[in-house]
$ cat protein-v6.pdb   # PDB, C-alpha atoms
ATOM      1  CA  MET A 287      66.723  93.380 121.818
ATOM      2  CA  THR A 288      68.857  96.540 121.640
ATOM      3  CA  ASP A 289      69.845  97.707 118.175
ATOM      4  CA  LEU A 290      73.617  97.890 117.858
ATOM      5  CA  VAL A 291      74.206 101.297 116.270
ATOM      6  CA  ASP A 292      77.476 103.198 116.193
ATOM      7  CA  SER A 293      78.076 106.943 116.621
ATOM      8  CA  PHE A 294      77.406 107.542 112.909
ATOM      9  CA  SER A 295      74.022 105.739 112.838
ATOM     10  CA  ARG A 296      75.383 102.628 111.141
ATOM     11  CA  ARG A 297      73.589  99.491 112.280
ATOM     12  CA  ILE A 298      76.065  96.712 113.106
ATOM     13  CA  ASN A 299      74.600  93.288 112.416
ATOM     14  CA  TYR A 300      77.559  91.267 111.151
ATOM     15  CA  MET A 301      80.602  89.783 112.890
ATOM     16  CA  ARG A 302      83.633  88.107 111.377
ATOM     17  CA  ILE A 303      85.298  85.639 113.710
ATOM     18  CA  SER A 304      88.877  84.391 113.371
ATOM     19  CA  VAL A 305      89.060  80.930 114.930
ATOM     20  CA  THR A 306      92.830  80.525 114.481
ATOM     21  CA  ASP A 307      95.831  82.473 113.208
ATOM     22  CA  HIS A 308      97.435  79.302 111.823
ATOM     23  CA  CYS A 309      97.240  78.369 108.153
ATOM     24  CA  ASP A 310      98.345  75.481 105.944
ATOM     25  CA  LEU A 311      99.481  77.867 103.168
ATOM     26  CA  ARG A 312     102.166  80.553 103.162
ATOM     27  CA  CYS A 313     100.746  83.164 100.797
ATOM     28  CA  LEU A 314     103.314  85.782  99.896
ATOM     29  CA  TYR A 315     101.031  88.748 100.625
ATOM     30  CA  CYS A 316      99.782  87.373 103.950
ATOM     31  CA  THR A 317     102.771  85.785 105.682
ATOM     32  CA  ASP A 318     105.093  87.745 107.933
ATOM     33  CA  ARG A 319     107.494  85.808 110.153
ATOM     34  CA  LEU A 320     107.893  88.829 112.441
ATOM     35  CA  TYR A 321     104.504  87.984 113.917
ATOM     36  CA  PRO A 322     104.637  84.755 115.961
ATOM     37  CA  HIS A 323     101.652  82.446 116.052
ATOM     38  CA  LEU A 324      99.378  82.357 119.063
ATOM     39  CA  SER A 325      99.582  79.502 121.531
ATOM     40  CA  HIS A 326      96.674  77.136 122.092
ATOM     41  CA  ASP A 327      95.735  78.844 125.371
ATOM     42  CA  ASP A 328      95.759  82.278 123.737
ATOM     43  CA  ILE A 329      93.025  81.338 121.274
ATOM     44  CA  LEU A 330      89.373  81.510 122.231
ATOM     45  CA  ARG A 331      87.691  78.184 122.977
ATOM     46  CA  TYR A 332      84.559  77.355 121.024
ATOM     47  CA  GLU A 333      82.423  77.844 124.126
ATOM     48  CA  GLU A 334      83.942  81.295 124.606
ATOM     49  CA  ILE A 335      83.215  82.268 121.004
ATOM     50  CA  HIS A 336      79.645  81.065 121.482
ATOM     51  CA  ARG A 337      79.235  83.145 124.625
ATOM     52  CA  ILE A 338      80.430  86.276 122.822
ATOM     53  CA  VAL A 339      78.033  85.527 119.977
ATOM     54  CA  LEU A 340      75.160  85.132 122.454
ATOM     55  CA  ALA A 341      75.876  88.647 123.692
ATOM     56  CA  ALA A 342      76.278  90.036 120.176
ATOM     57  CA  ALA A 343      73.074  88.365 118.975
ATOM     58  CA  GLY A 344      71.231  89.938 121.888
ATOM     59  CA  LEU A 345      72.330  93.314 120.555
ATOM     60  CA  GLY A 346      71.250  92.676 116.978
ATOM     61  CA  VAL A 347      74.111  90.823 115.264
ATOM     62  CA  LYS A 348      72.471  88.381 112.865
ATOM     63  CA  LYS A 349      75.176  87.149 110.501
ATOM     64  CA  LEU A 350      78.530  85.543 111.218
ATOM     65  CA  ARG A 351      81.527  84.604 109.099
ATOM     66  CA  LEU A 352      84.219  82.235 110.337
ATOM     67  CA  THR A 353      87.745  82.922 109.115
ATOM     68  CA  GLY A 354      91.387  82.327 110.014
ATOM     69  CA  GLY A 355      94.247  81.919 109.358
ATOM     70  CA  GLU A 356      92.662  78.886 107.788
ATOM     71  CA  ALA A 357      89.535  78.038 109.749
ATOM     72  CA  LEU A 358      89.355  74.415 108.582
ATOM     73  CA  ILE A 359      92.594  73.446 110.302
ATOM     74  CA  ARG A 360      90.889  74.127 113.653
ATOM     75  CA  LEU A 361      89.749  70.701 114.901
ATOM     76  CA  ASN A 362      86.042  69.890 114.922
ATOM     77  CA  LEU A 363      84.952  73.194 113.434
ATOM     78  CA  ARG A 364      81.547  71.655 112.758
ATOM     79  CA  TRP A 365      80.848  71.805 116.523
ATOM     80  CA  LEU A 366      81.276  75.550 116.519
ATOM     81  CA  VAL A 367      79.199  75.916 113.347
ATOM     82  CA  GLU A 368      76.376  73.930 114.932
ATOM     83  CA  MET A 369      76.464  75.968 118.154
ATOM     84  CA  LEU A 370      76.418  79.260 116.274
ATOM     85  CA  ALA A 371      73.807  78.231 113.712
ATOM     86  CA  ASN A 372      71.443  77.245 116.535
ATOM     87  CA  THR A 373      71.915  80.496 118.451
ATOM     88  CA  GLU A 374      68.719  82.521 118.740
ATOM     89  CA  GLY A 375      68.916  85.607 116.560
ATOM     90  CA  ILE A 376      71.642  84.309 114.227
ATOM     91  CA  ASP A 377      70.315  84.002 110.667
ATOM     92  CA  GLU A 378      73.456  82.909 108.828
ATOM     93  CA  VAL A 379      76.858  81.356 109.475
ATOM     94  CA  SER A 380      79.298  81.415 106.553
ATOM     95  CA  LEU A 381      82.969  80.578 106.078
ATOM     96  CA  THR A 382      86.022  81.939 104.289
ATOM     97  CA  THR A 383      88.589  79.253 103.469
ATOM     98  CA  ASN A 384      91.578  78.625 101.217
ATOM     99  CA  GLY A 385      89.790  75.469 100.085
ATOM    100  CA  THR A 386      92.568  72.951 100.668
ATOM    101  CA  GLN A 387      90.446  70.895 103.075
ATOM    102  CA  LEU A 388      86.998  71.877 101.880
ATOM    103  CA  ALA A 389      86.295  68.665  99.963
ATOM    104  CA  ARG A 390      86.803  66.736 103.195
ATOM    105  CA  TYR A 391      84.481  68.848 105.325
ATOM    106  CA  ALA A 392      81.862  70.398 103.000
ATOM    107  CA  ASP A 393      79.083  67.890 103.658
ATOM    108  CA  GLU A 394      79.435  67.850 107.444
ATOM    109  CA  LEU A 395      79.636  71.636 107.628
ATOM    110  CA  LYS A 396      76.452  71.947 105.584
ATOM    111  CA  ALA A 397      74.752  69.423 107.886
ATOM    112  CA  ALA A 398      75.924  71.421 110.918
ATOM    113  CA  GLY A 399      74.222  74.556 109.601
ATOM    114  CA  LEU A 400      76.811  76.369 107.490
ATOM    115  CA  SER A 401      75.118  78.510 104.844
ATOM    116  CA  ARG A 402      77.834  79.141 102.267
ATOM    117  CA  VAL A 403      81.546  79.567 101.646
ATOM    118  CA  ASN A 404      84.018  81.961 100.063
ATOM    119  CA  VAL A 405      87.167  80.353  98.681
ATOM    120  CA  SER A 406      90.415  82.299  98.307
ATOM    121  CA  LEU A 407      92.126  81.475  95.014
ATOM    122  CA  ASP A 408      94.686  83.775  93.394
ATOM    123  CA  SER A 409      95.743  81.813  90.324
ATOM    124  CA  LEU A 410      94.352  79.259  87.890
ATOM    125  CA  LYS A 411      97.869  78.121  86.977
ATOM    126  CA  PRO A 412      99.234  75.329  89.204
ATOM    127  CA  ASP A 413     102.843  76.505  89.054
ATOM    128  CA  ARG A 414     101.916  80.097  89.868
ATOM    129  CA  PHE A 415      99.550  78.941  92.598
ATOM    130  CA  GLU A 416     102.520  77.191  94.183
ATOM    131  CA  ARG A 417     104.683  80.323  93.972
ATOM    132  CA  ILE A 418     101.996  82.470  95.572
ATOM    133  CA  THR A 419     100.959  80.038  98.308
ATOM    134  CA  GLY A 420     104.112  77.987  98.897
ATOM    135  CA  SER A 421     102.055  74.844  98.283
ATOM    136  CA  ASP A 422     101.209  72.489  95.417
ATOM    137  CA  ARG A 423      97.607  71.930  96.577
ATOM    138  CA  PHE A 424      95.922  73.622  93.620
ATOM    139  CA  LYS A 425      93.999  70.487  92.646
ATOM    140  CA  GLU A 426      92.647  70.131  96.183
ATOM    141  CA  VAL A 427      91.296  73.679  96.094
ATOM    142  CA  LEU A 428      89.417  73.020  92.838
ATOM    143  CA  GLU A 429      88.038  69.807  94.332
ATOM    144  CA  GLY A 430      86.942  71.778  97.378
ATOM    145  CA  ILE A 431      85.067  74.300  95.247
ATOM    146  CA  GLU A 432      83.160  71.531  93.483
ATOM    147  CA  ALA A 433      82.448  69.732  96.769
ATOM    148  CA  ALA A 434      81.041  72.914  98.271
ATOM    149  CA  LYS A 435      78.724  73.377  95.287
ATOM    150  CA  LYS A 436      77.496  69.792  95.518
ATOM    151  CA  ALA A 437      76.937  70.143  99.261
ATOM    152  CA  GLY A 438      74.705  73.161  98.650
ATOM    153  CA  LEU A 439      76.998  75.803 100.179
ATOM    154  CA  ASN A 440      75.912  78.234  97.496
ATOM    155  CA  PRO A 441      76.712  80.650  96.109
ATOM    156  CA  VAL A 442      80.363  79.610  96.352
ATOM    157  CA  LYS A 443      82.300  82.842  95.889
ATOM    158  CA  ILE A 444      85.895  82.849  94.643
ATOM    159  CA  ASN A 445      88.069  85.618  96.077
ATOM    160  CA  MET A 446      91.065  86.727  94.010
ATOM    161  CA  VAL A 447      93.541  89.243  95.438
ATOM    162  CA  VAL A 448      94.973  90.955  92.356
ATOM    163  CA  LEU A 449      98.719  91.601  92.616
ATOM    164  CA  LYS A 450     100.601  93.756  90.140
ATOM    165  CA  ASP A 451     103.063  91.775  88.006
ATOM    166  CA  VAL A 452     102.199  88.598  89.924
ATOM    167  CA  ASN A 453      98.739  87.448  88.824
ATOM    168  CA  ASP A 454      97.074  90.499  87.254
ATOM    169  CA  ASP A 455      97.406  88.866  83.828
ATOM    170  CA  GLU A 456      94.840  86.265  84.975
ATOM    171  CA  VAL A 457      91.991  88.688  85.625
ATOM    172  CA  LEU A 458      90.349  87.851  82.303
ATOM    173  CA  ASP A 459      90.729  84.107  82.907
ATOM    174  CA  PHE A 460      88.884  84.438  86.210
ATOM    175  CA  ALA A 461      86.225  86.638  84.623
ATOM    176  CA  ARG A 462      85.646  84.043  81.896
ATOM    177  CA  LYS A 463      84.838  81.513  84.612
ATOM    178  CA  THR A 464      81.564  83.388  85.178
ATOM    179  CA  LEU A 465      80.702  82.586  81.572
ATOM    180  CA  SER A 466      81.885  78.989  81.364
ATOM    181  CA  ASP A 467      81.575  77.519  84.863
ATOM    182  CA  ASP A 468      78.951  79.553  86.742
ATOM    183  CA  TRP A 469      81.607  80.961  89.076
ATOM    184  CA  HIS A 470      80.969  83.957  91.310
ATOM    185  CA  VAL A 471      84.318  85.759  91.286
ATOM    186  CA  ARG A 472      85.300  88.700  93.480
ATOM    187  CA  PHE A 473      88.366  90.788  92.698
ATOM    188  CA  ILE A 474      89.988  92.366  95.763
ATOM    189  CA  GLU A 475      92.557  95.126  95.932
ATOM    190  CA  HIS A 476      95.660  94.124  97.828
ATOM    191  CA  MET A 477      95.673  95.599 101.336
ATOM    192  CA  PRO A 478      99.044  96.584 102.844
ATOM    193  CA  PHE A 479      99.253  94.300 105.863
ATOM    194  CA  VAL A 480     102.752  93.013 105.026
ATOM    195  CA  ASN A 481     104.355  95.413 102.603
ATOM    196  CA  GLY A 482     103.427  98.501 104.602
ATOM    197  CA  ASN A 483     102.437 100.614 101.610
ATOM    198  CA  GLY A 484      98.973 100.574 100.106
ATOM    199  CA  ALA A 485     100.291 101.021  96.584
ATOM    200  CA  ASN A 486     102.808  98.187  96.629
ATOM    201  CA  GLY A 487     101.560  95.320  94.490
ATOM    202  CA  MET A 488      98.082  96.833  94.237
ATOM    203  CA  VAL A 489      95.963  96.956  91.074
ATOM    204  CA  SER A 490      92.970  99.261  91.379
ATOM    205  CA  ILE A 491      89.418  98.032  90.945
ATOM    206  CA  ARG A 492      88.908 100.704  88.311
ATOM    207  CA  ASN A 493      91.733  99.250  86.200
ATOM    208  CA  ILE A 494      90.451  95.694  86.699
ATOM    209  CA  MET A 495      86.958  96.647  85.548
ATOM    210  CA  SER A 496      88.321  98.549  82.572
ATOM    211  CA  SER A 497      90.408  95.560  81.477
ATOM    212  CA  ILE A 498      87.409  93.239  81.651
ATOM    213  CA  GLU A 499      85.116  95.558  79.708
ATOM    214  CA  GLN A 500      87.675  96.149  76.971
ATOM    215  CA  SER A 501      88.058  92.415  76.370
ATOM    216  CA  LEU A 502      84.837  90.694  77.421
ATOM    217  CA  GLY A 503      82.035  93.209  77.115
ATOM    218  CA  GLN A 504      79.984  95.690  79.080
ATOM    219  CA  LEU A 505      79.525  95.033  82.786
ATOM    220  CA  SER A 506      75.931  95.373  83.972
ATOM    221  CA  PRO A 507      75.212  96.157  87.644
ATOM    222  CA  HIS A 508      73.743  93.167  89.452
ATOM    223  CA  LEU A 509      72.191  92.812  92.884
ATOM    224  CA  PRO A 510      74.169  90.473  95.167
ATOM    225  CA  THR A 511      72.709  86.990  95.529
ATOM    226  CA  SER A 512      73.750  86.967  99.180
ATOM    227  CA  GLY A 513      76.278  88.465 101.557
ATOM    228  CA  ASN A 514      76.926  91.450 103.747
ATOM    229  CA  GLY A 515      80.169  92.787 102.373
ATOM    230  CA  PRO A 516      81.377  95.834 100.458
ATOM    231  CA  ALA A 517      81.576  94.254  96.995
ATOM    232  CA  ARG A 518      79.856  95.885  94.016
ATOM    233  CA  TYR A 519      78.424  93.213  91.742
ATOM    234  CA  TYR A 520      78.152  93.017  87.969
ATOM    235  CA  LYS A 521      77.516  90.494  85.229
ATOM    236  CA  LEU A 522      78.971  90.061  81.772
ATOM    237  CA  PRO A 523      76.583  89.543  78.851
ATOM    238  CA  ASP A 524      75.122  85.995  78.941
ATOM    239  CA  ALA A 525      77.047  85.105  82.118
ATOM    240  CA  SER A 526      75.459  82.765  84.649
ATOM    241  CA  GLY A 527      77.958  83.803  87.333
ATOM    242  CA  THR A 528      78.727  87.215  88.761
ATOM    243  CA  LEU A 529      81.722  89.496  89.196
ATOM    244  CA  GLY A 530      82.278  91.375  92.441
ATOM    245  CA  PHE A 531      84.749  94.207  93.006
ATOM    246  CA  ILE A 532      86.114  95.187  96.415
ATOM    247  CA  GLY A 533      88.114  98.414  96.350
ATOM    248  CA  ALA A 534      89.586  98.035  99.798
ATOM    249  CA  VAL A 535      92.230 100.701  99.160
ATOM    250  CA  THR A 536      90.941 103.053  96.457
ATOM    251  CA  GLU A 537      87.231 103.056  97.302
ATOM    252  CA  CYS A 538      86.257 103.868 100.864
ATOM    253  CA  PHE A 539      83.119 101.889 101.695
ATOM    254  CA  CYS A 540      83.121 102.848 105.371
ATOM    255  CA  ALA A 541      79.762 104.645 105.163
ATOM    256  CA  GLU A 542      78.042 101.279 104.725
ATOM    257  CA  CYS A 543      80.185  99.325 107.192
ATOM    258  CA  ASN A 544      78.030  97.014 109.310
ATOM    259  CA  ARG A 545      80.609  94.839 111.028
ATOM    260  CA  PHE A 546      82.930  93.991 113.854
ATOM    261  CA  ARG A 547      85.856  91.580 113.765
ATOM    262  CA  LEU A 548      86.712  89.203 116.580
ATOM    263  CA  THR A 549      90.373  88.202 116.570
ATOM    264  CA  ALA A 550      91.529  84.667 117.280
ATOM    265  CA  ASP A 551      92.686  85.731 120.743
ATOM    266  CA  GLY A 552      89.444  87.424 121.662
ATOM    267  CA  HIS A 553      89.817  91.118 120.843
ATOM    268  CA  LEU A 554      86.933  92.943 119.193
ATOM    269  CA  ARG A 555      88.022  95.322 116.431
ATOM    270  CA  PRO A 556      85.567  97.980 115.285
ATOM    271  CA  CYS A 557      87.566  98.423 112.053
ATOM    272  CA  LEU A 558      89.762  96.088 110.033
ATOM    273  CA  LEU A 559      92.116  98.914 109.088
ATOM    274  CA  ASP A 560      92.579 100.456 112.523
ATOM    275  CA  ASP A 561      94.487  99.002 115.478
ATOM    276  CA  ASP A 562      91.894 100.014 118.075
ATOM    277  CA  GLU A 563      90.329  96.979 119.771
ATOM    278  CA  ILE A 564      88.629  95.891 122.983
ATOM    279  CA  ASP A 565      89.706  92.805 124.914
ATOM    280  CA  LEU A 566      86.827  90.381 125.496
ATOM    281  CA  LYS A 567      88.863  87.303 126.381
ATOM    282  CA  GLU A 568      90.212  88.463 129.724
ATOM    283  CA  PRO A 569      86.851  89.659 131.073
ATOM    284  CA  LEU A 570      85.287  86.443 129.787
ATOM    285  CA  ARG A 571      87.870  84.265 131.522
ATOM    286  CA  HIS A 572      87.401  86.238 134.733
ATOM    287  CA  GLY A 573      83.701  85.508 134.866
ATOM    288  CA  ALA A 574      82.070  88.275 132.827
ATOM    289  CA  ASP A 575      78.382  87.543 132.300
ATOM    290  CA  ILE A 576      76.361  88.259 129.172
ATOM    291  CA  SER A 577      75.404  91.753 130.318
ATOM    292  CA  GLU A 578      79.073  92.665 130.834
ATOM    293  CA  LEU A 579      79.967  91.333 127.378
ATOM    294  CA  GLU A 580      77.105  93.343 125.918
ATOM    295  CA  ARG A 581      78.458  96.464 127.643
ATOM    296  CA  LEU A 582      81.889  95.911 126.097
ATOM    297  CA  ILE A 583      80.412  95.298 122.645
ATOM    298  CA  LEU A 584      78.369  98.498 122.914
ATOM    299  CA  LYS A 585      81.553 100.299 123.953
ATOM    300  CA  ALA A 586      83.277  99.009 120.819
ATOM    301  CA  ALA A 587      80.412 100.419 118.744
ATOM    302  CA  THR A 588      81.008 103.900 120.169
ATOM    303  CA  ARG A 589      84.670 103.646 119.155
ATOM    304  CA  LYS A 590      83.951 102.767 115.543
ATOM    305  CA  GLN A 591      85.394 105.571 113.435
ATOM    306  CA  GLN A 592      83.601 107.312 110.600
ATOM    307  CA  GLN A 593      86.144 105.911 108.139
ATOM    308  CA  HIS A 594      89.562 104.329 108.034
ATOM    309  CA  HIS A 595      92.679 106.431 107.501
ATOM    310  CA  LEU A 596      94.710 104.037 105.414
ATOM    311  CA  GLY A 597      95.835 106.759 103.035
ATOM    312  CA  GLU A 598      97.182 109.024 105.780
ATOM    313  CA  ASN A 599      98.415 106.634 108.450
ATOM    314  CA  GLY A 600      99.528 103.607 106.497
ATOM    315  CA  ALA A 601      98.698 100.005 107.359
ATOM    316  CA  PRO A 602      97.710  98.684 110.789
ATOM    317  CA  GLU A 603     100.812  97.544 112.634
ATOM    318  CA  LYS A 604      99.675  95.468 115.611
ATOM    319  CA  ARG A 605      97.990  92.643 113.727
ATOM    320  CA  GLN A 606      98.328  90.600 110.582
ATOM    321  CA  MET A 607      95.305  89.594 108.524
ATOM    322  CA  ARG A 608      95.536  85.982 109.707
ATOM    323  CA  GLN A 609      94.969  87.156 113.287
ATOM    324  CA  ILE A 610      92.081  89.485 112.522
ATOM    325  CA  GLY A 611      89.910  87.386 110.274
ATOM    326  CA  GLY A 612      89.811  89.909 107.412
TER
END

$ encode --input "protein-v6.pdb" --output "structure tokens"
Amino acid sequence: MTDLVDSFSRRINYMRISVTDHCDLRCLYCTDRLYPHLSHDDILRYEEIHRIVLAAAGLGVKKLRLTGGEALIRLNLRWLVEMLANTEGIDEVSLTTNGTQLARYADELKAAGLSRVNVSLDSLKPDRFERITGSDRFKEVLEGIEAAKKAGLNPVKINMVVLKDVNDDEVLDFARKTLSDDWHVRFIEHMPFVNGNGANGMVSIRNIMSSIEQSLGQLSPHLPTSGNGPARYYKLPDASGTLGFIGAVTECFCAECNRFRLTADGHLRPCLLDDDEIDLKEPLRHGADISELERLILKAATRKQQQHHLGENGAPEKRQMRQIGG
């Protein structure tokens, strides 16, 4: 096995895979009608995703996360989970979902080999949830969270994108869930994929942490229970759950970046916040073997930048988050 190391000696062992750019919600910070959805033929087939993963695993990728769009609207996702979970060298397959269909699929995904889930939830108020997502499926999301816990997809992490003057007044309510309901909550700074300006609608992690400590007590650093991401974890006094903080805009965590992202249409992105990418789908559909895919993946590693330039260059323009797999 060849270690997959970029030009700055960062070992890449984690790949996020978008299986579709379609979603059953219309979240206000994610949706942009200027970007049409991909056609069925544009999106990688499960067998094609598996072949790319075989090549990546041969180079040292060990952990995978399936995303969207909304991954659970892709038919028979359990087949892909089973293929990936049984791939030699892959230690973990996880999923990010909006939770609307999680109660329906949690048990079969666990049986197929899924390790755990992250659920995106930006409000605990049904009416506000509907304004943010364009849907009244709040109850289904809560049912999905409980179903995932019962299925053993633990720890179930709840991702909240904090938006200024939209849901930032609920930060304390989410934090209290780590005290009352054993939730593992992660607060995420809003990234400028739609609004085009990193400051628009963004509440900094520093302000979120300060608000929590002023009202609920001192935050103590805590080692993550699992995961491969950039979150810094803490616990409140006497909490059974944890609080994670992802400063996607104000805190550059590029020095520890260990990942690639595979878009729904088969392009490998070395960085979420940079438009550079390498096409794997076309070579794959023209007969590229595993060694050729490995060569392209290694090429992507050499093009991974030392850090993103969000502050200087603004947001990526060629893709929306639903196409990249965040």

$ resolve_selection --input "protein-v6.pdb" --expression "the PyMOL selection byres ((chain A and resi 404) around 7)" --output "JSON, numbers by chain"
{"A": [381, 382, 383, 403, 405, 406, 442, 443, 444, 445]}

$ residues_around --input "protein-v6.pdb" --residues "Ala586 of chain A" --least-positions-apart "2" --cutoff "12 Å" --atoms "all atoms listed in the file" --output "PyMOL selection string"
chain A and resi 290-293+298+342+545-548+553-557+562-566+579-584+588-591

$ atom_distance --input "protein-v6.pdb" --atom1 "atom CA of Lys348 of chain A" --atom2 "atom CA of Glu378 of chain A"
6.9 Å

$ resolve_selection --input "protein-v6.pdb" --expression "the PyMOL selection byres ((chain A and resi 518) around 9)" --output "list in words"
Pro507, His508, Leu509, Pro510, Gly515, Pro516, Ala517, Tyr519, Tyr520, Leu529, Gly530, Phe531, Ile532 and Gly533 of chain A

$ closest_residue --input "protein-v6.pdb" --among "A:Val427, A:Cys540, A:Leu400, A:Leu395" --to "Pro412 of chain A" --atoms "all atoms listed in the file"
A:Val427

$ resolve_selection --input "protein-v6.pdb" --expression "the PyMOL selection byres ((chain A and resi 390) around 10)" --output "VMD selection string"
chain A and resid 358 385 to 389 391 to 395 426 429 to 430 433 to 434

$ closest_residue --input "protein-v6.pdb" --among "A:Leu407, A:Ala550, A:Ile498, A:Leu352" --to "Phe424 of chain A" --atoms "only C-alpha atoms"
A:Leu407

$ residues_around --input "protein-v6.pdb" --residues "Thr306 of chain A" --least-positions-apart "2" --cutoff "9 Å" --atoms "only C-alpha atoms" --output "list in words"
Ser304, His308, Cys309, Leu324, Ile329, Leu330, Thr353, Gly354, Gly355, Glu356, Ala357, Ile359, Arg360, Thr549, Ala550, Asp551, Arg608, Gln609 and Gly611 of chain A

$ atom_distance --input "protein-v6.pdb" --atom1 "atom CA of Lys463 of chain A" --atom2 "atom CA of Thr419 of chain A"
21.2 Å

$ closest_residue --input "protein-v6.pdb" --among "A:Lys567, A:Arg297, A:Lys585, A:Arg312" --to "Ile418 of chain A" --atoms "only C-alpha atoms"
A:Arg312

$ atom_distance --input "protein-v6.pdb" --atom1 "atom CA of Lys349 of chain A" --atom2 "atom CA of Ile576 of chain A"
18.7 Å

$ residues_near_point --input "protein-v6.pdb" --point "(85.4, 81.9, 118.2)" --cutoff "7 Å" --atoms "all atoms listed in the file" --output "compact mmCIF listing (two decimals) with C-alpha atoms, keeping the file's coordinate frame"
# COMPACT_ATOMS: atom_id res chain seq x y z
CA ILE A 303 85.30 85.64 113.71
CA SER A 304 88.88 84.39 113.37
CA VAL A 305 89.06 80.93 114.93
CA LEU A 330 89.37 81.51 122.23
CA ARG A 331 87.69 78.18 122.98
CA TYR A 332 84.56 77.36 121.02
CA GLU A 334 83.94 81.30 124.61
CA ILE A 335 83.22 82.27 121.00
CA HIS A 336 79.64 81.06 121.48
CA ALA A 550 91.53 84.67 117.28

$ closest_residue --input "protein-v6.pdb" --among "A:Met488, A:Leu370, A:Met301, A:Leu449" --to "Asn544 of chain A" --atoms "only C-alpha atoms"
A:Met301

$ closest_residue --input "protein-v6.pdb" --among "A:Arg402, A:Arg462, A:Arg337, A:Lys411" --to "Arg571 of chain A" --atoms "all atoms listed in the file"
A:Arg337

$ residues_around --input "protein-v6.pdb" --residues "Ala398 of chain A" --least-positions-apart "2" --cutoff "6 Å" --atoms "all atoms listed in the file" --output "PDB file with C-alpha atoms, in the frame of the given file"
ATOM      1  CA  ARG A 364      81.547  71.655 112.758  1.00  0.00           C
ATOM      2  CA  GLU A 368      76.376  73.930 114.932  1.00  0.00           C
ATOM      3  CA  LEU A 395      79.636  71.636 107.628  1.00  0.00           C
ATOM      4  CA  LYS A 396      76.452  71.947 105.584  1.00  0.00           C
TER       5      LYS A 396
END

$ closest_residue --input "protein-v6.pdb" --among "A:Val471, A:Ser577, A:Gln504, A:Ile494" --to "Thr528 of chain A" --atoms "only C-alpha atoms"
A:Val471

$ residues_around --input "protein-v6.pdb" --residues "Val457 of chain A" --least-positions-apart "4" --cutoff "12 Å" --atoms "only C-alpha atoms" --output "mmCIF file with C-alpha atoms, in the coordinates of the input"
data_model
loop_
_atom_site.group_PDB
_atom_site.id
_atom_site.type_symbol
_atom_site.label_atom_id
_atom_site.label_comp_id
_atom_site.auth_asym_id
_atom_site.auth_seq_id
_atom_site.Cartn_x
_atom_site.Cartn_y
_atom_site.Cartn_z
ATOM 1 C CA LEU A 407 92.126 81.475 95.014
ATOM 2 C CA ASP A 408 94.686 83.775 93.394
ATOM 3 C CA SER A 409 95.743 81.813 90.324
ATOM 4 C CA LEU A 410 94.352 79.259 87.890
ATOM 5 C CA ASN A 445 88.069 85.618 96.077
ATOM 6 C CA MET A 446 91.065 86.727 94.010
ATOM 7 C CA VAL A 447 93.541 89.243 95.438
ATOM 8 C CA VAL A 448 94.973 90.955 92.356
ATOM 9 C CA LEU A 449 98.719 91.601 92.616
ATOM 10 C CA LYS A 450 100.601 93.756 90.140
ATOM 11 C CA ASP A 451 103.063 91.775 88.006
ATOM 12 C CA VAL A 452 102.199 88.598 89.924
ATOM 13 C CA ASN A 453 98.739 87.448 88.824
ATOM 14 C CA ALA A 461 86.225 86.638 84.623
ATOM 15 C CA ARG A 462 85.646 84.043 81.896
ATOM 16 C CA LYS A 463 84.838 81.513 84.612
ATOM 17 C CA THR A 464 81.564 83.388 85.178
ATOM 18 C CA VAL A 471 84.318 85.759 91.286
ATOM 19 C CA ARG A 472 85.300 88.700 93.480
ATOM 20 C CA PHE A 473 88.366 90.788 92.698
ATOM 21 C CA ILE A 474 89.988 92.366 95.763
ATOM 22 C CA VAL A 489 95.963 96.956 91.074
ATOM 23 C CA ILE A 491 89.418 98.032 90.945
ATOM 24 C CA ASN A 493 91.733 99.250 86.200
ATOM 25 C CA ILE A 494 90.451 95.694 86.699
ATOM 26 C CA MET A 495 86.958 96.647 85.548
ATOM 27 C CA SER A 496 88.321 98.549 82.572
ATOM 28 C CA SER A 497 90.408 95.560 81.477
ATOM 29 C CA ILE A 498 87.409 93.239 81.651
ATOM 30 C CA GLU A 499 85.116 95.558 79.708
ATOM 31 C CA SER A 501 88.058 92.415 76.370
ATOM 32 C CA LEU A 502 84.837 90.694 77.421
ATOM 33 C CA LEU A 529 81.722 89.496 89.196
ATOM 34 C CA PHE A 531 84.749 94.207 93.006
#

$ axis_aligned_box --input "protein-v6.pdb" --around "segment 322-341 of chain A" --padding-each-side "3 Å" --output "JSON"
{"center_x": 89.9, "center_y": 82.9, "center_z": 120.7, "size_x": 35.5, "size_y": 17.5, "size_z": 15.4}
